[in-house]
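Visitor: Following this line is work_35.pdb, made up of PDB, C-alpha atoms:
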```
ATOM      1  CA  MET A   1      50.376  47.005  27.859
ATOM      2  CA  PRO A   2      53.426  47.316  30.099
ATOM      3  CA  THR A   3      53.003  46.232  33.719
ATOM      4  CA  LEU A   4      54.748  47.274  36.921
ATOM      5  CA  LYS A   5      56.682  45.305  39.492
ATOM      6  CA  VAL A   6      58.616  46.184  42.626
ATOM      7  CA  ASP A   7      62.403  45.915  42.510
ATOM      8  CA  HIS A   8      63.113  44.524  45.955
ATOM      9  CA  GLU A   9      66.789  45.403  45.681
ATOM     10  CA  ARG A  10      65.743  49.078  45.726
ATOM     11  CA  CYS A  11      62.422  49.195  47.568
ATOM     12  CA  THR A  12      62.637  50.556  51.110
ATOM     13  CA  GLU A  13      59.247  49.063  52.083
ATOM     14  CA  CYS A  14      58.044  52.518  53.143
ATOM     15  CA  ARG A  15      54.579  51.490  51.876
ATOM     16  CA  MET A  16      53.592  54.799  50.325
ATOM     17  CA  CYS A  17      52.559  52.922  47.145
ATOM     18  CA  TYR A  18      50.258  50.719  49.234
ATOM     19  CA  VAL A  19      48.688  53.702  50.979
ATOM     20  CA  VAL A  20      47.988  55.665  47.804
ATOM     21  CA  CYS A  21      46.668  52.607  45.933
ATOM     22  CA  ARG A  22      44.253  51.877  48.818
ATOM     23  CA  GLU A  23      43.157  55.510  48.937
ATOM     24  CA  LEU A  24      42.259  55.330  45.238
ATOM     25  CA  ASP A  25      40.405  52.042  45.824
ATOM     26  CA  LEU A  26      42.467  50.310  43.157
ATOM     27  CA  ASN A  27      44.013  47.828  45.618
ATOM     28  CA  ALA A  28      46.657  46.605  43.181
ATOM     29  CA  VAL A  29      49.464  46.936  45.742
ATOM     30  CA  TYR A  30      49.312  44.263  48.415
ATOM     31  CA  VAL A  31      51.328  42.581  51.156
ATOM     32  CA  ALA A  32      52.503  39.190  49.882
ATOM     33  CA  LEU A  33      52.171  36.247  52.227
ATOM     34  CA  GLU A  34      55.047  34.538  50.422
ATOM     35  CA  PRO A  35      57.816  35.799  50.204
ATOM     36  CA  LEU A  36      56.970  36.950  53.663
ATOM     37  CA  HIS A  37      55.225  40.329  53.806
ATOM     38  CA  ARG A  38      56.910  41.957  50.841
ATOM     39  CA  ILE A  39      55.057  44.678  48.968
ATOM     40  CA  GLU A  40      53.992  43.494  45.502
ATOM     41  CA  ILE A  41      51.911  44.850  42.608
ATOM     42  CA  ASP A  42      49.155  42.730  41.073
ATOM     43  CA  PRO A  43      49.422  43.297  37.293
ATOM     44  CA  GLU A  44      45.857  42.075  36.812
ATOM     45  CA  THR A  45      44.498  44.889  38.978
ATOM     46  CA  CYS A  46      47.034  47.644  38.309
ATOM     47  CA  LEU A  47      45.905  50.250  35.759
ATOM     48  CA  TYR A  48      49.393  51.351  34.655
ATOM     49  CA  PRO A  49      50.018  53.325  32.463
ATOM     50  CA  GLY A  50      46.486  54.652  32.993
ATOM     51  CA  CYS A  51      47.331  55.295  36.639
ATOM     52  CA  THR A  52      50.773  56.357  37.846
ATOM     53  CA  ALA A  53      49.863  57.491  41.368
ATOM     54  CA  CYS A  54      52.238  55.143  43.214
ATOM     55  CA  LEU A  55      55.145  56.325  41.063
ATOM     56  CA  MET A  56      54.486  59.915  42.130
ATOM     57  CA  TYR A  57      54.656  59.017  45.815
ATOM     58  CA  CYS A  58      57.536  56.527  45.761
ATOM     59  CA  PRO A  59      60.633  58.077  47.355
ATOM     60  CA  ALA A  60      63.123  55.345  46.403
ATOM     61  CA  GLU A  61      64.583  55.811  42.951
ATOM     62  CA  ALA A  62      64.218  52.827  40.599
ATOM     63  CA  SER A  63      62.251  50.736  43.103
ATOM     64  CA  ILE A  64      59.295  50.317  40.718
ATOM     65  CA  VAL A  65      60.111  49.118  37.215
ATOM     66  CA  GLU A  66      58.301  48.018  34.093
ATOM     67  CA  ALA A  67      58.177  44.253  34.338
ATOM     68  CA  GLU A  68      58.709  43.630  30.627
ATOM     69  CA  THR A  69      61.709  45.908  30.076
ATOM     70  CA  GLY A  70      63.112  46.505  33.563
ATOM     71  CA  ARG A  71      62.963  50.254  32.887
ATOM     72  CA  SER A  72      62.818  52.318  36.061
ATOM     73  CA  VAL A  73      59.710  54.479  36.385
ATOM     74  CA  VAL A  74      60.666  56.123  39.706
ATOM     75  CA  PRO A  75      60.894  59.059  39.430
ATOM     76  CA  PRO A  76      58.275  58.967  36.671
ATOM     77  CA  PRO A  77      59.793  59.679  33.227
ATOM     78  CA  PRO A  78      58.498  62.840  31.482
ATOM     79  CA  GLU A  79      56.226  61.001  29.044
ATOM     80  CA  LEU A  80      54.240  59.539  31.934
ATOM     81  CA  TRP A  81      53.530  63.050  33.167
ATOM     82  CA  ARG A  82      52.604  64.204  29.693
ATOM     83  CA  ARG A  83      50.365  61.204  29.161
ATOM     84  CA  ARG A  84      48.296  62.290  32.142
ATOM     85  CA  GLY A  85      48.202  65.842  30.903
ATOM     86  CA  ALA A  86      49.914  67.080  34.036
ATOM     87  CA  ARG A  87      52.539  69.793  34.137
ATOM     88  CA  LEU A  88      56.167  68.816  34.560
ATOM     89  CA  PRO A  89      57.447  69.722  38.020
ATOM     90  CA  GLU A  90      59.548  72.854  38.142
ATOM     91  CA  VAL A  91      63.044  72.197  39.415
TER      92      VAL A  91
ATOM     93  CA  MET B  92      73.696  38.935  79.890
ATOM     94  CA  ALA B  93      73.264  37.957  83.547
ATOM     95  CA  SER B  94      74.079  41.535  84.566
ATOM     96  CA  LEU B  95      71.073  43.013  82.769
ATOM     97  CA  PRO B  96      69.000  44.666  85.515
ATOM     98  CA  GLY B  97      65.537  43.672  84.314
ATOM     99  CA  LYS B  98      66.313  40.094  83.306
ATOM    100  CA  ASN B  99      64.348  38.423  86.094
ATOM    101  CA  LEU B 100      61.418  40.800  85.705
ATOM    102  CA  ALA B 101      61.200  40.078  81.973
ATOM    103  CA  GLN B 102      61.139  36.332  82.667
ATOM    104  CA  GLU B 103      58.456  36.815  85.310
ATOM    105  CA  LEU B 104      56.192  38.830  82.995
ATOM    106  CA  ILE B 105      56.698  36.426  80.077
ATOM    107  CA  ALA B 106      55.862  33.417  82.271
ATOM    108  CA  ALA B 107      52.673  35.054  83.593
ATOM    109  CA  SER B 108      51.472  35.897  80.076
ATOM    110  CA  ARG B 109      52.337  32.456  78.669
ATOM    111  CA  ASP B 110      50.382  30.920  81.519
ATOM    112  CA  GLU B 111      47.258  32.811  80.394
ATOM    113  CA  SER B 112      47.804  32.494  76.674
ATOM    114  CA  ARG B 113      45.932  29.237  76.115
ATOM    115  CA  ARG B 114      43.167  30.057  78.563
ATOM    116  CA  THR B 115      41.431  32.739  76.547
ATOM    117  CA  PRO B 116      37.920  32.927  75.060
ATOM    118  CA  MET B 117      39.570  32.348  71.676
ATOM    119  CA  GLU B 118      39.864  28.647  72.522
ATOM    120  CA  ALA B 119      36.191  28.271  71.562
ATOM    121  CA  VAL B 120      36.911  29.898  68.200
ATOM    122  CA  ILE B 121      39.952  27.653  67.677
ATOM    123  CA  LYS B 122      37.809  24.621  68.497
ATOM    124  CA  ALA B 123      35.128  25.736  66.018
ATOM    125  CA  ALA B 124      37.802  26.338  63.353
ATOM    126  CA  SER B 125      39.220  22.900  63.980
ATOM    127  CA  ALA B 126      35.773  21.364  63.548
ATOM    128  CA  GLY B 127      35.302  23.322  60.318
ATOM    129  CA  SER B 128      32.181  24.949  61.722
ATOM    130  CA  LEU B 129      33.156  28.598  61.227
ATOM    131  CA  SER B 130      30.971  29.998  58.452
ATOM    132  CA  ASP B 131      32.244  32.461  55.873
ATOM    133  CA  ASP B 132      30.447  35.239  57.741
ATOM    134  CA  ALA B 133      32.033  34.155  61.036
ATOM    135  CA  LEU B 134      35.475  34.394  59.427
ATOM    136  CA  PHE B 135      34.525  37.824  58.055
ATOM    137  CA  ARG B 136      33.564  38.911  61.585
ATOM    138  CA  LEU B 137      36.872  37.569  62.930
ATOM    139  CA  VAL B 138      39.074  39.352  60.396
ATOM    140  CA  GLY B 139      36.915  42.497  60.459
ATOM    141  CA  ARG B 140      37.113  42.923  64.217
ATOM    142  CA  LEU B 141      40.863  42.167  64.309
ATOM    143  CA  TRP B 142      41.404  44.738  61.557
ATOM    144  CA  THR B 143      39.458  47.281  63.615
ATOM    145  CA  LEU B 144      41.725  46.661  66.593
ATOM    146  CA  GLU B 145      44.900  46.866  64.537
ATOM    147  CA  ARG B 146      43.952  50.141  62.865
ATOM    148  CA  MET B 147      43.315  51.645  66.301
ATOM    149  CA  LEU B 148      46.930  50.921  67.276
ATOM    150  CA  TYR B 149      47.928  53.872  65.069
ATOM    151  CA  TYR B 150      45.978  55.988  67.567
ATOM    152  CA  VAL B 151      47.668  54.293  70.519
ATOM    153  CA  TYR B 152      51.166  54.680  69.104
ATOM    154  CA  GLY B 153      50.468  58.285  68.147
ATOM    155  CA  GLY B 154      50.000  59.001  71.839
ATOM    156  CA  TRP B 155      52.998  56.971  72.888
ATOM    157  CA  GLY B 156      55.249  58.640  70.320
ATOM    158  CA  GLN B 157      54.479  62.061  71.776
ATOM    159  CA  GLY B 158      55.784  60.877  75.123
ATOM    160  CA  LEU B 159      59.079  59.633  73.793
ATOM    161  CA  GLU B 160      61.308  62.633  74.359
ATOM    162  CA  MET B 161      64.758  63.232  72.930
ATOM    163  CA  ASN B 162      67.505  61.678  75.061
ATOM    164  CA  ASP B 163      65.059  59.788  77.312
ATOM    165  CA  PHE B 164      66.438  56.549  75.923
ATOM    166  CA  PRO B 165      69.229  55.556  73.538
ATOM    167  CA  PRO B 166      68.363  55.702  69.814
ATOM    168  CA  ALA B 167      68.001  51.897  69.732
ATOM    169  CA  VAL B 168      64.808  52.135  71.809
ATOM    170  CA  LYS B 169      63.297  54.627  69.384
ATOM    171  CA  TYR B 170      64.327  52.472  66.457
ATOM    172  CA  LEU B 171      62.595  49.477  68.057
ATOM    173  CA  PHE B 172      59.454  51.568  68.600
ATOM    174  CA  SER B 173      59.385  52.662  64.953
ATOM    175  CA  ARG B 174      59.896  49.031  63.975
ATOM    176  CA  GLN B 175      56.966  48.068  66.185
ATOM    177  CA  ILE B 176      54.717  50.634  64.476
ATOM    178  CA  LEU B 177      55.737  49.216  61.096
ATOM    179  CA  ASP B 178      55.057  45.652  62.262
ATOM    180  CA  ASP B 179      51.616  46.517  63.618
ATOM    181  CA  SER B 180      50.942  48.277  60.341
ATOM    182  CA  THR B 181      51.754  44.952  58.630
ATOM    183  CA  HIS B 182      49.125  43.204  60.770
ATOM    184  CA  GLU B 183      46.583  45.844  59.761
ATOM    185  CA  MET B 184      47.462  45.605  56.069
ATOM    186  CA  LEU B 185      47.270  41.802  56.084
ATOM    187  CA  TYR B 186      43.762  41.891  57.534
ATOM    188  CA  LEU B 187      42.621  44.544  55.068
ATOM    189  CA  ASP B 188      44.125  42.602  52.160
ATOM    190  CA  ALA B 189      42.272  39.484  53.338
ATOM    191  CA  LEU B 190      38.983  41.406  53.537
ATOM    192  CA  LEU B 191      39.481  42.681  49.985
ATOM    193  CA  ARG B 192      40.847  39.447  48.525
ATOM    194  CA  ARG B 193      37.844  37.461  49.727
ATOM    195  CA  ARG B 194      35.510  40.194  48.459
ATOM    196  CA  TRP B 195      33.930  40.638  51.871
ATOM    197  CA  ILE B 196      34.310  44.348  51.172
ATOM    198  CA  ALA B 197      34.771  46.207  47.903
ATOM    199  CA  SER B 198      37.102  48.954  49.093
ATOM    200  CA  GLN B 199      38.997  50.322  52.077
ATOM    201  CA  LYS B 200      36.218  52.867  52.616
ATOM    202  CA  ASP B 201      33.682  50.029  52.826
ATOM    203  CA  ALA B 202      35.746  48.428  55.584
ATOM    204  CA  PHE B 203      35.424  51.560  57.715
ATOM    205  CA  ARG B 204      31.654  51.675  57.161
ATOM    206  CA  HIS B 205      30.815  47.986  57.547
ATOM    207  CA  PRO B 206      29.425  46.962  60.988
ATOM    208  CA  TYR B 207      32.257  44.426  61.363
ATOM    209  CA  GLY B 208      34.851  47.163  60.803
ATOM    210  CA  THR B 209      33.434  50.105  62.695
ATOM    211  CA  PHE B 210      34.922  51.455  65.896
ATOM    212  CA  GLN B 211      32.318  51.859  68.614
ATOM    213  CA  VAL B 212      33.289  53.540  71.878
ATOM    214  CA  ASN B 213      30.890  51.381  73.878
ATOM    215  CA  SER B 214      32.831  48.169  73.342
ATOM    216  CA  ALA B 215      35.522  46.019  74.912
ATOM    217  CA  LEU B 216      37.700  46.802  71.906
ATOM    218  CA  ALA B 217      37.495  50.524  72.719
ATOM    219  CA  TYR B 218      38.116  49.849  76.415
ATOM    220  CA  TYR B 219      41.324  48.016  75.527
ATOM    221  CA  VAL B 220      42.436  50.700  73.040
ATOM    222  CA  PHE B 221      41.812  53.573  75.471
ATOM    223  CA  SER B 222      43.550  51.638  78.225
ATOM    224  CA  LEU B 223      46.659  51.285  76.042
ATOM    225  CA  ARG B 224      46.480  54.902  74.905
ATOM    226  CA  ASN B 225      46.360  56.031  78.536
ATOM    227  CA  LEU B 226      49.774  54.483  79.063
ATOM    228  CA  ALA B 227      51.100  57.423  77.005
ATOM    229  CA  THR B 228      51.759  59.264  80.261
ATOM    230  CA  TYR B 229      53.986  56.466  81.596
ATOM    231  CA  PRO B 230      57.655  55.910  80.762
ATOM    232  CA  HIS B 231      58.210  54.027  77.517
ATOM    233  CA  THR B 232      59.698  51.008  79.295
ATOM    234  CA  ILE B 233      56.516  50.493  81.295
ATOM    235  CA  ARG B 234      54.112  50.676  78.377
ATOM    236  CA  ILE B 235      56.305  48.412  76.249
ATOM    237  CA  ALA B 236      56.403  45.916  79.130
ATOM    238  CA  ALA B 237      52.616  46.150  79.385
ATOM    239  CA  LEU B 238      51.895  45.489  75.706
ATOM    240  CA  ASN B 239      54.816  43.420  74.434
ATOM    241  CA  LEU B 240      55.165  41.139  77.431
ATOM    242  CA  GLY B 241      51.403  40.999  78.010
ATOM    243  CA  PRO B 242      48.800  40.886  75.205
ATOM    244  CA  LYS B 243      51.386  40.310  72.470
ATOM    245  CA  ILE B 244      52.442  37.035  74.096
ATOM    246  CA  VAL B 245      48.826  35.958  74.513
ATOM    247  CA  GLU B 246      48.139  36.893  70.876
ATOM    248  CA  LEU B 247      51.160  35.005  69.572
ATOM    249  CA  GLU B 248      49.991  31.799  71.246
ATOM    250  CA  TRP B 249      46.284  31.843  70.343
ATOM    251  CA  MET B 250      46.934  33.058  66.824
ATOM    252  CA  THR B 251      49.446  30.287  66.159
ATOM    253  CA  ALA B 252      46.915  27.736  67.427
ATOM    254  CA  LEU B 253      44.174  29.281  65.300
ATOM    255  CA  ALA B 254      46.384  29.176  62.197
ATOM    256  CA  ASP B 255      46.991  25.465  62.787
ATOM    257  CA  ALA B 256      43.264  24.850  63.180
ATOM    258  CA  LEU B 257      41.934  26.780  60.180
ATOM    259  CA  PRO B 258      41.095  24.579  57.192
ATOM    260  CA  ASP B 259      41.249  27.529  54.751
ATOM    261  CA  ALA B 260      44.805  27.740  53.361
ATOM    262  CA  ASP B 261      44.676  31.466  52.559
ATOM    263  CA  LEU B 262      43.449  32.545  55.994
ATOM    264  CA  ARG B 263      45.815  30.080  57.643
ATOM    265  CA  ALA B 264      48.696  31.865  55.912
ATOM    266  CA  VAL B 265      47.356  35.276  57.004
ATOM    267  CA  PHE B 266      47.438  34.229  60.655
ATOM    268  CA  ALA B 267      50.506  31.980  60.574
ATOM    269  CA  SER B 268      52.689  34.594  58.898
ATOM    270  CA  GLN B 269      51.966  37.138  61.638
ATOM    271  CA  ALA B 270      53.916  35.024  64.120
ATOM    272  CA  VAL B 271      57.038  36.722  62.734
ATOM    273  CA  GLU B 272      55.887  40.195  63.818
ATOM    274  CA  ASN B 273      54.381  38.996  67.094
ATOM    275  CA  ARG B 274      57.550  37.153  68.057
ATOM    276  CA  SER B 275      59.521  40.268  67.187
ATOM    277  CA  HIS B 276      57.310  42.357  69.510
ATOM    278  CA  VAL B 277      57.931  39.946  72.369
ATOM    279  CA  LEU B 278      61.688  39.936  71.819
ATOM    280  CA  MET B 279      61.775  43.754  71.621
ATOM    281  CA  GLY B 280      59.780  43.950  74.858
ATOM    282  CA  ARG B 281      62.073  41.509  76.603
ATOM    283  CA  ARG B 282      65.165  43.392  75.499
ATOM    284  CA  ILE B 283      63.839  46.780  76.628
ATOM    285  CA  VAL B 284      62.690  45.490  80.023
ATOM    286  CA  GLU B 285      65.925  43.570  80.595
ATOM    287  CA  GLU B 286      68.086  46.555  79.760
ATOM    288  CA  PHE B 287      66.198  49.589  81.038
ATOM    289  CA  VAL B 288      63.987  48.618  83.996
ATOM    290  CA  GLU B 289      66.269  49.061  86.979
ATOM    291  CA  LYS B 290      64.394  50.537  89.950
ATOM    292  CA  PRO B 291      61.989  48.512  92.100
ATOM    293  CA  VAL B 292      59.258  51.122  91.612
ATOM    294  CA  GLU B 293      59.564  50.745  87.825
ATOM    295  CA  ALA B 294      59.375  46.969  88.149
ATOM    296  CA  ASP B 295      56.187  47.268  90.208
ATOM    297  CA  LEU B 296      54.675  49.603  87.619
ATOM    298  CA  CYS B 297      55.592  47.128  84.870
ATOM    299  CA  ARG B 298      53.831  44.322  86.771
ATOM    300  CA  TRP B 299      50.733  46.465  87.298
ATOM    301  CA  ALA B 300      50.600  47.728  83.689
ATOM    302  CA  CYS B 301      51.191  44.262  82.245
ATOM    303  CA  THR B 302      48.442  42.690  84.358
ATOM    304  CA  THR B 303      46.026  45.505  83.461
ATOM    305  CA  ALA B 304      46.752  45.308  79.720
ATOM    306  CA  ARG B 305      46.357  41.531  79.762
ATOM    307  CA  GLY B 306      43.027  41.825  81.581
ATOM    308  CA  ASP B 307      41.746  44.413  79.116
ATOM    309  CA  TYR B 308      42.910  42.277  76.210
ATOM    310  CA  GLN B 309      41.110  39.252  77.626
ATOM    311  CA  ARG B 310      37.950  41.359  77.812
ATOM    312  CA  PHE B 311      38.389  42.251  74.138
ATOM    313  CA  LEU B 312      38.928  38.575  73.273
ATOM    314  CA  ARG B 313      35.710  37.689  75.106
ATOM    315  CA  GLU B 314      33.839  40.198  72.953
ATOM    316  CA  LEU B 315      35.618  39.000  69.804
ATOM    317  CA  ALA B 316      34.835  35.329  70.446
ATOM    318  CA  SER B 317      31.186  36.159  71.167
ATOM    319  CA  VAL B 318      30.857  38.125  67.947
ATOM    320  CA  VAL B 319      32.633  35.483  65.850
ATOM    321  CA  LEU B 320      30.584  32.616  67.287
ATOM    322  CA  GLY B 321      27.343  34.540  66.818
ATOM    323  CA  GLN B 322      26.620  34.802  70.543
ATOM    324  CA  ALA B 323      26.581  38.598  70.392
ATOM    325  CA  ALA B 324      25.590  41.036  67.707
ATOM    326  CA  PRO B 325      28.410  42.696  65.811
ATOM    327  CA  VAL B 326      29.280  46.021  67.342
ATOM    328  CA  GLU B 327      27.497  48.626  65.298
ATOM    329  CA  ALA B 328      28.424  52.273  65.271
ATOM    330  CA  PRO B 329      25.547  54.731  64.986
ATOM    331  CA  THR B 330      25.020  55.816  61.392
ATOM    332  CA  ALA B 331      24.458  59.334  60.157
ATOM    333  CA  ALA B 332      20.870  58.392  59.306
ATOM    334  CA  ALA B 333      20.267  57.162  62.849
ATOM    335  CA  ASP B 334      21.759  60.369  64.208
ATOM    336  CA  ALA B 335      19.451  62.427  61.991
ATOM    337  CA  ALA B 336      16.409  60.460  63.130
ATOM    338  CA  GLU B 337      17.058  61.273  66.791
TER     339      GLU B 337
END
```
Could you take the file, read its structure, and then write that structure out as structure tokens?
Guide:
Amino acid sequence: MPTLKVDHERCTECRMCYVVCRELDLNAVYVALEPLHRIEIDPETCLYPGCTACLMYCPAEASIVEAETGRSVVPPPPELWRRRGARLPEV
Amino acid sequence: MASLPGKNLAQELIAASRDESRRTPMEAVIKAASAGSLSDDALFRLVGRLWTLERMLYYVYGGWGQGLEMNDFPPAVKYLFSRQILDDSTHEMLYLDALLRRRWIASQKDAFRHPYGTFQVNSALAYYVFSLRNLATYPHTIRIAALNLGPKIVELEWMTALADALPDADLRAVFASQAVENRSHVLMGRRIVEEFVEKPVEADLCRWACTTARGDYQRFLRELASVVLGQAAPVEAPTAAADAAE
């Protein structure tokens, strides 16, 4: 299973991923004590690709990537929307 | 730098707060931590009550933000305020993460419901929060002087001492790492007072507000230390069931 990580070169530390993950009681996004207070994703707790909520809320393109491939998942690629059975956004 | 109008006032407020910072009720908690006599539940009470305070700062800053009008101050002051909200949010998130990581609570919702995490209006914590919120009607310089050069200095000192005393490495890191944000608050407060407090009447209001905020914070610390050391029951909010029974 692919896992997610934060690309700290892109992340704006807006913390929307943290807020949504807490709201869903998944608690995979956390504030790291070291390096100091960066937002990180715990792959052991994260349900990706079963859950993609943080990707939907993240406003900073390419700031969350698949750890194994480095592929950007912000904004979420179409197959992630289809996997959840959701409609593609109309643009 | 010598020409900054509020330079002497900032030094005066900082000195007064530093003087009080190691004479708080938290010294008993620091002593107990040093002796290794804080139980797991006592640490839960400590983090739970501090989380409750930090989450209430969103309410305080919501009020303050409404009173920060366009063109009252240069954009730098607003930037520093937004930075302060972010930093206090970091404090809140660190406490919540610690509560979850140690499995004291299972979810964020549990934290709101647990007696150690509830907000009760009949408490010193609420008194302090409402006191800060009431500063919303004062100019931004005065409320920043009150909080950042008052309780934030006291908090920086006792929290650093507590971090040194805690035997638990994880909790030590939670408290020690917050020195970064607390120091930042103090430096922001100093800068704003130095640069923007010019009139004698404003300086007097800063002195009054700072003394009041520090006094209210000390009252909260007295309650916190009592709860942590088991000398007082945790503050419990009335439950829906209790309401229905009345």
Visitor: Which residue out of B:Ala316, B:Phe311, B:Met147, B:Asp201 has the minimum interatomic distance to Tyr218 of chain B when only C-alpha atoms are used?
Guide: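 For Tyr218 of chain B, the nearest of the candidates is B:Phe311.
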Visitor: Counting only C-alpha atoms, a student should be able to say which residues of chain B come within 9 Å of chain A; what is the right answer, written as a list of chain:residue names?
Guide: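 Listed by rising number, the hits are B:Leu177, B:Thr181, B:Met184, B:Leu185, B:Asp188, B:Leu191, B:Ala197, B:Ser198, B:Gln199, B:Lys200, B:Asp261, B:Ala264, B:Val265, B:Ser268.
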Visitor: Tell me, in Å to one decimal, how far atom CA of Gly70 of chain A is from atom CA of Val20 of chain A.
Guide: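 Separation between atom CA of Gly70 of chain A and atom CA of Val20 of chain A: 22.7 Å.
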Visitor: For Thr303 of chain B, which residue among B:Phe164, B:Met250, B:Ser108, B:Ala256 is the nearest when counting all atoms listed in the file?
Guide: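 Distance minimum relative to Thr303 of chain B lands on B:Ser108.
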Visitor: Rounded to one decimal, what separation in Å do you get between atom CA of Thr115 of chain B and atom CA of Trp249 of chain B?
Guide: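 Calculated distance between atom CA of Thr115 of chain B and atom CA of Trp249 of chain B is 7.9 Å.
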Visitor: Could you check how far atom CA of Glu44 of chain A sits from atom CA of Lys5 of chain A, in Å to one decimal?
Guide: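 Pair atom CA of Glu44 of chain A / atom CA of Lys5 of chain A returns 11.6 Å.
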Visitor: Apply the PyMOL selection byres ((chain A and resi 9) around 12) to the displayed file and report the matching residues as an mmCIF file with C-alpha atoms, in the frame of the given file.
Guide:
```cif
data_model
loop_
_atom_site.group_PDB
_atom_site.id
_atom_site.type_symbol
_atom_site.label_atom_id
_atom_site.label_comp_id
_atom_site.auth_asym_id
_atom_site.auth_seq_id
_atom_site.Cartn_x
_atom_site.Cartn_y
_atom_site.Cartn_z
ATOM 1 C CA LYS A 5 56.682 45.305 39.492
ATOM 2 C CA VAL A 6 58.616 46.184 42.626
ATOM 3 C CA ASP A 7 62.403 45.915 42.510
ATOM 4 C CA HIS A 8 63.113 44.524 45.955
ATOM 5 C CA ARG A 10 65.743 49.078 45.726
ATOM 6 C CA CYS A 11 62.422 49.195 47.568
ATOM 7 C CA THR A 12 62.637 50.556 51.110
ATOM 8 C CA GLU A 13 59.247 49.063 52.083
ATOM 9 C CA ARG A 38 56.910 41.957 50.841
ATOM 10 C CA ALA A 60 63.123 55.345 46.403
ATOM 11 C CA GLU A 61 64.583 55.811 42.951
ATOM 12 C CA ALA A 62 64.218 52.827 40.599
ATOM 13 C CA SER A 63 62.251 50.736 43.103
ATOM 14 C CA ILE A 64 59.295 50.317 40.718
ATOM 15 C CA VAL A 65 60.111 49.118 37.215
#
```
Visitor: Missing atoms in segment 273-289 of chain B should be modelled up to N, CA and C atoms and reported as a compact mmCIF listing (two decimals), keeping the file's coordinate frame.
Guide:
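Saved result, out07.txt, follows:
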```
# COMPACT_ATOMS: atom_id res chain seq x y z
N ASN B 273 54.72 39.14 65.67
CA ASN B 273 54.38 39.00 67.09
C ASN B 273 55.59 38.54 67.91
N ARG B 274 56.35 37.62 67.35
CA ARG B 274 57.55 37.15 68.06
C ARG B 274 58.54 38.31 68.20
N SER B 275 58.63 39.11 67.16
CA SER B 275 59.52 40.27 67.19
C SER B 275 59.11 41.25 68.29
N HIS B 276 57.79 41.47 68.44
CA HIS B 276 57.31 42.36 69.51
C HIS B 276 57.75 41.83 70.88
N VAL B 277 57.59 40.54 71.07
CA VAL B 277 57.93 39.95 72.37
C VAL B 277 59.43 40.09 72.64
N LEU B 278 60.23 39.84 71.62
CA LEU B 278 61.69 39.94 71.82
C LEU B 278 62.12 41.38 72.07
N MET B 279 61.48 42.33 71.38
CA MET B 279 61.78 43.75 71.62
C MET B 279 61.41 44.12 73.06
N GLY B 280 60.23 43.66 73.50
CA GLY B 280 59.78 43.95 74.86
C GLY B 280 60.74 43.38 75.89
N ARG B 281 61.15 42.15 75.65
CA ARG B 281 62.07 41.51 76.60
C ARG B 281 63.37 42.29 76.69
N ARG B 282 63.89 42.68 75.53
CA ARG B 282 65.17 43.39 75.50
C ARG B 282 65.06 44.73 76.26
N ILE B 283 63.99 45.46 76.00
CA ILE B 283 63.84 46.78 76.63
C ILE B 283 63.66 46.65 78.14
N VAL B 284 62.88 45.68 78.57
CA VAL B 284 62.69 45.49 80.02
C VAL B 284 64.00 45.03 80.66
N GLU B 285 64.66 44.09 80.03
CA GLU B 285 65.92 43.57 80.60
C GLU B 285 66.94 44.69 80.77
N GLU B 286 67.01 45.57 79.77
CA GLU B 286 68.09 46.56 79.76
C GLU B 286 67.77 47.84 80.53
N PHE B 287 66.49 48.24 80.55
CA PHE B 287 66.20 49.59 81.04
C PHE B 287 65.32 49.66 82.29
N VAL B 288 64.78 48.55 82.76
CA VAL B 288 63.99 48.62 84.00
C VAL B 288 64.91 48.25 85.15
N GLU B 289 65.27 49.27 85.94
CA GLU B 289 66.27 49.06 86.98
C GLU B 289 65.70 49.22 88.37
```
